[in-house]
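Colleague: Dropping the structure in here first, questions after.
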Amino acid sequence: YGYDGFQATSPNIFYTRSGEVVYFAAGVGIVYNKEAHTQRFFLGHDDDILSLAIHPNRTTVATGQVGKDPAVCIWDTASCKQIQKLNMGYGNRGVQALCFSSSGTKLACVCIDNSHTLYIWDWARRIVLLERKTQPGAPPATYGVVWSPYEVDRLV
(Lines give C-alpha, C1' and ligand atoms only; values in the text may rest on other atoms or scores of the structure.)
Protein backbone atom coordinates (compact mmCIF):
# COMPACT_ATOMS: atom_id res chain seq x y z
CA TYR A 1 0.00 0.00 0.00
CA GLY A 2 3.04 2.28 -0.20
CA TYR A 3 3.80 2.48 3.53
CA ASP A 4 7.42 3.44 4.27
CA GLY A 5 8.50 2.61 7.80
CA PHE A 6 12.19 3.02 6.98
CA GLN A 7 12.77 6.75 6.38
CA ALA A 8 10.02 8.03 8.66
CA THR A 9 11.56 7.88 12.13
CA SER A 10 8.69 9.31 14.20
CA PRO A 11 5.24 7.73 14.72
CA ASN A 12 3.65 7.65 11.30
CA ILE A 13 0.64 5.34 11.15
CA PHE A 14 -2.57 5.71 13.16
CA TYR A 15 -6.14 4.44 13.46
CA THR A 16 -8.83 7.09 13.04
CA ARG A 17 -12.03 7.34 15.09
CA SER A 18 -13.86 5.37 12.38
CA GLY A 19 -11.29 2.55 12.48
CA GLU A 20 -9.57 3.49 9.23
CA VAL A 21 -5.78 3.59 8.92
CA VAL A 22 -4.05 6.89 8.13
CA TYR A 23 -0.45 7.02 6.89
CA PHE A 24 1.56 8.59 4.07
CA ALA A 25 3.59 7.62 1.03
CA ALA A 26 5.76 10.12 -0.84
CA GLY A 27 3.77 13.40 -0.86
CA VAL A 28 0.33 11.84 -0.33
CA GLY A 29 -1.68 11.39 2.87
CA ILE A 30 -3.60 8.11 2.69
CA VAL A 31 -6.72 6.95 4.54
CA TYR A 32 -7.25 3.20 4.13
CA ASN A 33 -10.59 1.54 4.87
CA LYS A 34 -9.66 -2.07 5.54
CA GLU A 35 -13.27 -3.33 5.47
CA ALA A 36 -14.11 -1.86 2.05
CA HIS A 37 -10.49 -2.24 0.88
CA THR A 38 -10.52 1.34 -0.44
CA GLN A 39 -8.26 4.36 -0.08
CA ARG A 40 -8.80 8.13 -0.02
CA PHE A 41 -6.03 10.61 -0.64
CA PHE A 42 -4.94 14.01 0.68
CA LEU A 43 -2.97 15.82 -2.04
CA GLY A 44 -2.14 19.14 -0.35
CA HIS A 45 1.66 18.75 -0.20
CA ASP A 46 4.14 19.76 -2.88
CA ASP A 47 7.01 17.57 -1.61
CA ASP A 48 7.45 14.30 0.28
CA ILE A 49 5.77 13.89 3.66
CA LEU A 50 8.12 13.06 6.53
CA SER A 51 5.88 13.12 9.63
CA LEU A 52 2.31 12.55 10.80
CA ALA A 53 0.35 13.26 13.99
CA ILE A 54 -3.24 12.56 14.93
CA HIS A 55 -5.43 15.03 16.85
CA PRO A 56 -7.17 13.87 20.06
CA ASN A 57 -10.48 13.88 18.14
CA ARG A 58 -8.93 11.10 15.99
CA THR A 59 -10.34 12.57 12.75
CA THR A 60 -7.91 15.47 12.20
CA VAL A 61 -4.27 14.86 11.31
CA ALA A 62 -1.17 16.93 10.63
CA THR A 63 1.42 15.97 8.03
CA GLY A 64 4.83 17.63 7.70
CA GLN A 65 6.89 17.70 4.53
CA VAL A 66 10.48 18.14 3.42
CA GLY A 67 11.72 20.96 1.19
CA LYS A 68 13.50 24.30 1.20
CA ASP A 69 10.33 25.95 2.58
CA PRO A 70 8.53 23.08 4.35
CA ALA A 71 4.95 23.18 5.52
CA VAL A 72 2.60 21.30 7.82
CA CYS A 73 -0.88 20.58 6.52
CA ILE A 74 -3.71 19.93 8.96
CA TRP A 75 -6.51 17.99 7.30
CA ASP A 76 -9.68 16.01 7.92
CA THR A 77 -9.42 12.25 7.40
CA ALA A 78 -13.12 11.83 6.51
CA SER A 79 -13.12 14.32 3.63
CA CYS A 80 -9.35 14.57 2.92
CA LYS A 81 -9.82 18.36 2.85
CA GLN A 82 -7.23 20.77 4.20
CA ILE A 83 -8.18 22.69 7.36
CA GLN A 84 -4.99 24.70 7.84
CA LYS A 85 -1.47 25.11 6.46
CA LEU A 86 1.51 26.19 8.56
CA ASN A 87 4.68 27.34 6.78
CA MET A 88 7.80 26.51 8.75
CA GLY A 89 10.01 28.97 6.91
CA TYR A 90 12.90 28.85 4.51
CA GLY A 91 15.90 26.82 5.67
CA ASN A 92 14.15 24.42 8.04
CA ARG A 93 14.51 21.65 5.40
CA GLY A 94 11.59 19.58 6.66
CA VAL A 95 9.42 18.57 9.59
CA GLN A 96 10.77 15.45 11.31
CA ALA A 97 8.23 15.08 14.13
CA LEU A 98 4.75 16.34 15.03
CA CYS A 99 2.42 16.01 18.00
CA PHE A 100 -0.88 17.61 19.05
CA SER A 101 -1.33 18.60 22.68
CA SER A 102 -3.90 16.65 24.74
CA SER A 103 -6.37 19.52 24.29
CA GLY A 104 -5.67 19.55 20.54
CA THR A 105 -5.13 23.32 20.50
CA LYS A 106 -1.33 23.22 20.17
CA LEU A 107 0.90 21.47 17.68
CA ALA A 108 4.58 20.73 18.32
CA CYS A 109 6.78 20.59 15.21
CA VAL A 110 10.47 19.62 15.11
CA CYS A 111 12.36 20.56 11.95
CA ILE A 112 15.45 18.95 10.40
CA ASP A 113 17.52 22.13 10.15
CA ASN A 114 20.96 22.11 11.79
CA SER A 115 19.51 23.27 15.12
CA HIS A 116 16.45 20.93 15.05
CA THR A 117 14.19 23.90 15.67
CA LEU A 118 11.10 23.22 17.78
CA TYR A 119 7.95 25.21 17.03
CA ILE A 120 4.83 25.24 19.17
CA TRP A 121 1.82 26.47 17.20
CA ASP A 122 -1.69 27.54 18.03
CA TRP A 123 -2.47 25.84 14.76
CA ALA A 124 -6.10 26.98 14.37
CA ARG A 125 -5.04 30.66 14.54
CA ARG A 126 -1.70 30.10 12.73
CA ILE A 127 0.27 31.69 15.59
CA VAL A 128 3.74 30.52 16.64
CA LEU A 129 3.72 30.35 20.44
CA LEU A 130 7.36 29.24 20.76
CA GLU A 131 10.41 28.85 18.57
CA ARG A 132 13.38 27.15 20.19
CA LYS A 133 16.67 26.10 18.62
CA THR A 134 18.45 23.11 20.15
CA GLN A 135 21.96 21.70 19.89
CA PRO A 136 23.29 21.09 16.38
CA GLY A 137 23.48 17.48 15.27
CA ALA A 138 23.22 15.32 12.20
CA PRO A 139 19.63 14.72 11.05
CA PRO A 140 17.62 12.74 11.89
CA ALA A 141 18.49 13.48 15.50
CA THR A 142 14.83 13.53 16.53
CA TYR A 143 12.78 10.35 16.55
CA GLY A 144 9.53 11.82 17.83
CA VAL A 145 7.95 14.41 20.08
CA VAL A 146 5.25 13.78 22.69
CA TRP A 147 3.36 16.03 25.10
CA SER A 148 3.63 14.89 28.71
CA PRO A 149 0.40 13.35 30.06
CA TYR A 150 1.31 14.68 33.53
CA GLU A 151 2.42 18.25 32.81
CA VAL A 152 0.36 19.83 30.01
CA ASP A 153 3.08 22.28 28.92
CA ARG A 154 5.95 19.78 28.81
CA LEU A 155 7.34 17.92 25.81
CA VAL A 156 9.61 14.92 25.57
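All residue names refer to the C-alpha coordinates as shown: chains lettered A, B, ... in order, residues numbered from 1 in each chain, ligands numbered from 1 in order.
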So that I can check the secondary structure, give me every residue of stretch 78-155 of chain A assigned strand (DSSP E) by backbone DSSP, as a count of residues only.

Modeller: 29

Colleague: Env of stretch 142-151 of chain A: 9 Å cut, atoms = only C-alpha atoms, seq-sep filter 3 positions within chain, self excluded. Answer as a short mmCIF file (atom, residue, chain, number, x, y, z; two decimals) with N, CA, C and O atoms, in the first residue's frame.

Modeller:
```cif
data_model
loop_
_atom_site.label_atom_id
_atom_site.label_comp_id
_atom_site.auth_asym_id
_atom_site.auth_seq_id
_atom_site.Cartn_x
_atom_site.Cartn_y
_atom_site.Cartn_z
N ALA A 8 10.80 7.27 7.67
CA ALA A 8 10.02 8.03 8.66
C ALA A 8 10.39 7.51 10.05
O ALA A 8 10.12 6.36 10.37
N THR A 9 11.04 8.34 10.84
CA THR A 9 11.56 7.88 12.13
C THR A 9 10.64 8.19 13.30
O THR A 9 10.85 7.67 14.39
N SER A 10 9.63 9.03 13.12
CA SER A 10 8.69 9.31 14.20
C SER A 10 7.40 8.53 13.95
O SER A 10 7.21 7.97 12.88
N PRO A 11 6.50 8.46 14.94
CA PRO A 11 5.24 7.73 14.72
C PRO A 11 4.57 8.21 13.44
O PRO A 11 4.48 9.40 13.19
N GLN A 96 10.43 16.82 10.91
CA GLN A 96 10.77 15.45 11.31
C GLN A 96 9.75 14.83 12.25
O GLN A 96 9.52 13.63 12.20
N ALA A 97 9.14 15.63 13.13
CA ALA A 97 8.23 15.08 14.13
C ALA A 97 7.13 16.07 14.44
O ALA A 97 7.35 17.29 14.45
N LEU A 98 5.94 15.54 14.73
CA LEU A 98 4.75 16.34 15.03
C LEU A 98 3.98 15.70 16.18
O LEU A 98 3.99 14.48 16.32
N CYS A 99 3.29 16.53 16.97
CA CYS A 99 2.42 16.01 18.00
C CYS A 99 1.42 17.09 18.44
O CYS A 99 1.82 18.22 18.70
N PHE A 100 0.15 16.72 18.50
CA PHE A 100 -0.88 17.61 19.05
C PHE A 100 -0.86 17.51 20.56
O PHE A 100 -0.61 16.43 21.12
N SER A 101 -1.17 18.62 21.24
CA SER A 101 -1.33 18.60 22.68
C SER A 101 -2.58 17.81 23.04
O SER A 101 -3.43 17.55 22.19
N SER A 102 -2.74 17.44 24.32
CA SER A 102 -3.90 16.65 24.74
C SER A 102 -5.21 17.40 24.51
O SER A 102 -6.24 16.79 24.26
N ALA A 108 3.12 20.67 18.23
CA ALA A 108 4.58 20.73 18.32
C ALA A 108 5.15 20.22 17.01
O ALA A 108 4.71 19.18 16.50
N CYS A 109 6.13 20.95 16.47
CA CYS A 109 6.78 20.59 15.21
C CYS A 109 8.29 20.67 15.40
O CYS A 109 8.79 21.69 15.86
N VAL A 110 9.01 19.62 15.05
CA VAL A 110 10.47 19.62 15.11
C VAL A 110 10.99 19.52 13.69
O VAL A 110 10.66 18.59 12.95
N CYS A 111 11.83 20.50 13.31
CA CYS A 111 12.36 20.56 11.95
C CYS A 111 13.70 19.85 11.84
O CYS A 111 14.33 19.53 12.86
N ILE A 112 14.17 19.65 10.62
CA ILE A 112 15.45 18.95 10.40
C ILE A 112 16.56 19.91 9.98
O ILE A 112 17.53 19.51 9.36
N HIS A 116 17.65 21.71 14.69
CA HIS A 116 16.45 20.93 15.05
C HIS A 116 15.43 21.81 15.74
O HIS A 116 14.98 21.53 16.85
N PRO A 139 20.99 15.26 11.20
CA PRO A 139 19.63 14.72 11.05
C PRO A 139 19.68 13.25 10.63
O PRO A 139 20.60 12.87 9.93
N ARG A 154 4.64 20.42 28.95
CA ARG A 154 5.95 19.78 28.81
C ARG A 154 5.98 18.84 27.61
O ARG A 154 5.01 18.15 27.34
N LEU A 155 7.12 18.83 26.94
CA LEU A 155 7.34 17.92 25.81
C LEU A 155 8.51 17.01 26.11
O LEU A 155 9.43 17.38 26.83
N VAL A 156 8.46 15.82 25.53
CA VAL A 156 9.61 14.92 25.57
C VAL A 156 9.87 14.46 24.15
O VAL A 156 9.00 14.47 23.31
#
```

Colleague: So which one's closest to A:Arg40, A:Thr59, A:Gln65, A:Ser18, A:Thr77? Using only C-alpha atoms, please.

Modeller: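 Nearest candidate to A:Arg40 out of A:Thr59, A:Gln65, A:Ser18, A:Thr77: A:Thr77.
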
Colleague: Set the distance at 7 Å and use only C-alpha atoms: which residues neighbour A:Thr60 once local chain neighbours fewer than 6 positions away are removed? I'd like the list as a PyMOL selection string.

Modeller: chain A and resi 54+74-77
